[in-house]
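> The following block contains the structure, expressed as structure tokens.
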Amino acid sequence: MAGGNVETSQRITDVLLGAMAQALPRLIPAASQGTMNNLLIGGHDTVRNKPFVYYETIAGGMGARPGKDGVSGIHTHMTNTMNTPIEALEFVYPMRLRRYGLRHGSGGKGKYRGGDGIIREVEFLTRATVTILSERRRFAPYGLQGGEPGAPGENVLLRQGVEEVMLSSKETLEVQPGDVLSIRTPGGGGWGKAEA
């Protein structure tokens, strides 16, 4: 199985919690982002004249819980990796972070709102090979008890920062200096019907 510890485990968690919600509807949270948004980048650093490889997982939205909103910009379930600070990434790798923040409005609406995902945009300063292994790009994280689903994620390549190319959830591609990769992670599902 490919991606068993990263992607498959996240989806199994969603399935199990969804099944348990039928038996324990007042105790189970809505679906969280359901992916680890794996990003692998490798190439040759022309400034340092050496090869480089970079791997990270990117946080997203946590599903709302009975009695509480979901948390925004957090790793959930099997994900326990730490955030890579912008300054550390830019110091060591031939990349620049153009944007890193919450994806406002991506959490599902409800009595308790799902947490928002993240937008992380990387500009490449050298040619590189990029591999993305992600989920929840077509099927949104579900809401529960009348809560709305969270927004599905998106992987977008901006060629030379201009031409927008929508990427699939699993992709390997070559990038050039000036290209920008935008990873927009899913929000968590909402819980309970929103009050009018």
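By order in the structure tokens, chains are A, B, ...; within a chain, residues start at 1; ligands start at 1, following the order shown.
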Which residues of stretch 78-119 of chain A come within 12 Å of stretch 33-39 of chain A, and for each one, what is the closest pair of atoms and their distance in Å to one decimal, counting only C-alpha atoms, sorted by chain and residue number, as CSV?

```
residue,atom,partner,partner_atom,distance
A:Met78,CA,A:Met36,CA,8.5
A:Thr79,CA,A:Met36,CA,6.5
A:Asn80,CA,A:Met36,CA,9.5
A:Thr81,CA,A:Met36,CA,9.4
A:Met82,CA,A:Met36,CA,11.9
A:Ser106,CA,A:Gln33,CA,10.2
A:Gly107,CA,A:Gln33,CA,9.3
A:Gly108,CA,A:Gln33,CA,10.8
A:Gly114,CA,A:Gln33,CA,9.6
A:Gly115,CA,A:Gln33,CA,8.9
A:Asp116,CA,A:Gln33,CA,9.1
A:Gly117,CA,A:Gln33,CA,7.6
A:Ile118,CA,A:Asn37,CA,10.4
A:Ile119,CA,A:Asn37,CA,11.2
```
> Just checking: using only C-alpha atoms, which residue out of A:Met62, A:Val165, A:Leu89, A:Ile132 ends up closest to A:Ala30?
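The answer is A:Met62, which sits nearest to A:Ala30.
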> Do a neighbour search on A:Asn155 at 7 Å with only C-alpha atoms, toss out local chain neighbours closer than 3 positions, and write the hits as a PyMOL selection string.
chain A and resi 166-169+182-184
> Could you pull out the helix (DSSP H, G or I) residues of stretch 46-185 of chain A from DSSP and send them as a list of chain:residue names?
A:Ile86, A:Glu87, A:Ala88, A:Leu89, A:Glu90, A:Phe91, A:Val92
> Would you return as a PyMOL selection string the members of chain A that DSSP assigns to strand (DSSP E or B) on this structure's backbone?
chain A and resi 38-45+50-56+60+65+68+74+95-103+112+117-124+128-133+144+154-159+163-167+170-175+180-184+191
> My list of candidates is A:Arg98, A:Lys68, A:Arg138, A:Lys170. Which is closest to A:Ile86 when distances are computed with only C-alpha atoms?
A:Arg98
